[in-house]
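Heads up: the structure comes next, in structure tokens.
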Amino acid sequence: MDDSHLIEVQQASQEILRGRFLHAFRDTVTLPDGSEASREYLVHPGAVMVIPLLEDGDGQLRVVLERQYRYPVGQVMLEFPAGKLDPQETVQACARRELKEETGYSALEWARAGVMHPVISYSTEFIDIWFARQLQAGERHLDSGEFLDVFTATPTELLQWCMEGKVTDAKTLAGALWLQNVLSGAWVLDWQLDGDVKQVQKGTL
């Protein structure tokens with residue numbers, strides 16, 4: 001497909017902010033009709049989100065979730081575990097690290113679902129989506145200044161909260177979509193053992 005009639009071409013770029021986390025630019029671009037416009041955006045290193053699947057003592061499937069206060073919106077949000085990539089870190093290594101640090105769980109099996117771009121109008125951020133299962137409990141190692149609660153819910157409860165507007169975090173809404181389709185059998189995951197891949201298991205949960 002020829003997208004040349006949609007492409008904007010960068011002509012100049014100005015750094016306007018470099019903080020501990022945010023890195024902002026203002027670019028001058030040429031639009032497809034030849035006119036010029038200004039584009040302000042944030043450069044982001046990328047992140048991961050993990051959908052951890054936990055079977056309780058009765059064999060019922062539950063998902064591991066978090067409650068965390070998010071200062072910009074002034075609310076405690078319901079979310080799947082997530083975090084940004086460290087320099088030179090692979091997305092799977094980041095998923096493994098964030099799950100362990102935030103929840104204390106490690107997983108014997110992992111499956112990459114896909115990628116999402118949560119704020120395409122003003123950020124380069126992408127979030128890699130991972131599923132984890134066969135969880136083993138352990139100690140959390142939260143970052144300094146990080147405070148969050150970890151809890152579990154059934155997929156039905158999570159989807160109900162999404163419908164009721166109790167879950168409004170974009171990545172968690174996308175994760176709920178993935179979860180619903182995987183559990184229904186509509187979407188198939190390729191599961192692999194953690195660490196060195198010795199076998200690949202294909203199929204639904």
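Residues are referred to by chain and number: the chain letter is A, B, ... according to the order shown in the structure tokens, the number counts from 1 in that chain, and ligands are numbered separately from 1 in the order shown.
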So which residues of range 15-139 of chain A fall under strand (DSSP E) by DSSP, listed as a VMD selection string? chain A and resid 15 to 18 23 to 30 36 to 43 47 to 55 61 to 70 75 to 79 82 to 84 106 to 116 127 to 136
According to DSSP computed on the backbone, where in chain A is there helix (DSSP H, G or I)? Give the residues as a short mmCIF file (atom, residue, chain, number, x, y, z; two decimals) with C-alpha atoms, in the first residue's frame.
```
data_model
loop_
_atom_site.label_atom_id
_atom_site.label_comp_id
_atom_site.auth_asym_id
_atom_site.auth_seq_id
_atom_site.Cartn_x
_atom_site.Cartn_y
_atom_site.Cartn_z
CA VAL A 91 11.42 -6.95 26.29
CA GLN A 92 11.18 -10.46 27.75
CA ALA A 93 13.88 -9.73 30.33
CA CYS A 94 11.96 -6.59 31.27
CA ALA A 95 8.70 -8.55 31.56
CA ARG A 96 10.36 -11.11 33.81
CA ARG A 97 11.97 -8.41 35.96
CA GLU A 98 8.87 -6.27 36.35
CA LEU A 99 6.68 -9.24 37.28
CA LYS A 100 9.14 -10.30 39.98
CA GLU A 101 9.82 -6.80 41.33
CA GLU A 102 6.20 -5.66 41.51
CA THR A 103 4.33 -8.86 42.44
CA PRO A 155 -11.29 -12.76 34.27
CA THR A 156 -15.05 -12.23 34.58
CA GLU A 157 -14.53 -9.72 37.40
CA LEU A 158 -11.90 -7.85 35.40
CA LEU A 159 -14.12 -7.62 32.32
CA GLN A 160 -17.00 -6.41 34.48
CA TRP A 161 -14.80 -3.65 35.93
CA CYS A 162 -13.81 -2.65 32.39
CA MET A 163 -17.47 -2.41 31.37
CA GLU A 164 -18.34 -0.40 34.49
CA ALA A 170 -5.42 1.96 28.36
CA LYS A 171 -2.87 -0.85 28.56
CA THR A 172 -5.01 -2.83 30.99
CA LEU A 173 -8.06 -2.42 28.74
CA ALA A 174 -5.97 -3.75 25.84
CA GLY A 175 -4.77 -6.59 28.06
CA ALA A 176 -8.38 -7.45 28.94
CA LEU A 177 -9.18 -7.66 25.21
CA TRP A 178 -6.28 -10.06 24.71
CA LEU A 179 -7.30 -12.10 27.75
CA GLN A 180 -10.91 -12.40 26.60
CA ASN A 181 -9.92 -13.59 23.12
CA VAL A 182 -7.27 -16.02 24.36
CA LEU A 183 -9.65 -17.61 26.85
CA SER A 184 -12.37 -17.93 24.20
#
```
Figure out the distance between CA of Arg39 in chain A and CA of Ser121 in chain A, please, to one decimal in Å. 9.4 Å
Exercise: range 51-55 of chain A partners within 8 Å, only C-alpha atoms, chain neighbours under 6 positions left out, as a ChimeraX atom specification: /A:61-64,80-81,129-135,175,179
Report as a ChimeraX atom specification all protein, DNA and RNA residues lying within 7 Å of Gly83 in chain A, evaluated on only C-alpha atoms, omitting residues in the same chain fewer than 2 positions from it. /A:47-49,85,98
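Restricting the calculation to only C-alpha atoms, the smallest distance between Met77 in chain A and any of A:Leu148, A:Thr154, A:Ser4, A:Val29 is found for A:Leu148.
Each of A:Asp3, A:Glu89, A:Glu40, A:Glu66 was checked against Phe151 in chain A using only C-alpha atoms; the smallest atom-to-atom distance is that of A:Glu66.
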Find the residue from A:Tyr122, A:Tyr105, A:Tyr71, A:Phe147 that sits nearest to Leu42 in chain A; use only C-alpha atoms when measuring. A:Tyr122
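Taking CA of Asp169 in chain A and CA of Tyr41 in chain A as endpoints, the distance between them is 20.5 Å.
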Using only C-alpha atoms, determine which residues lie at most 12 Å from Asp27 in chain A, disregarding the query and same-chain residues fewer than 4 positions distant; provide the list as a ChimeraX atom specification. /A:8-16,36-42,122
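Proximity of A:Gln88, A:Gly104, A:Val76, A:Val43 to Val150 in chain A, computed with only C-alpha atoms, is greatest for A:Gly104.
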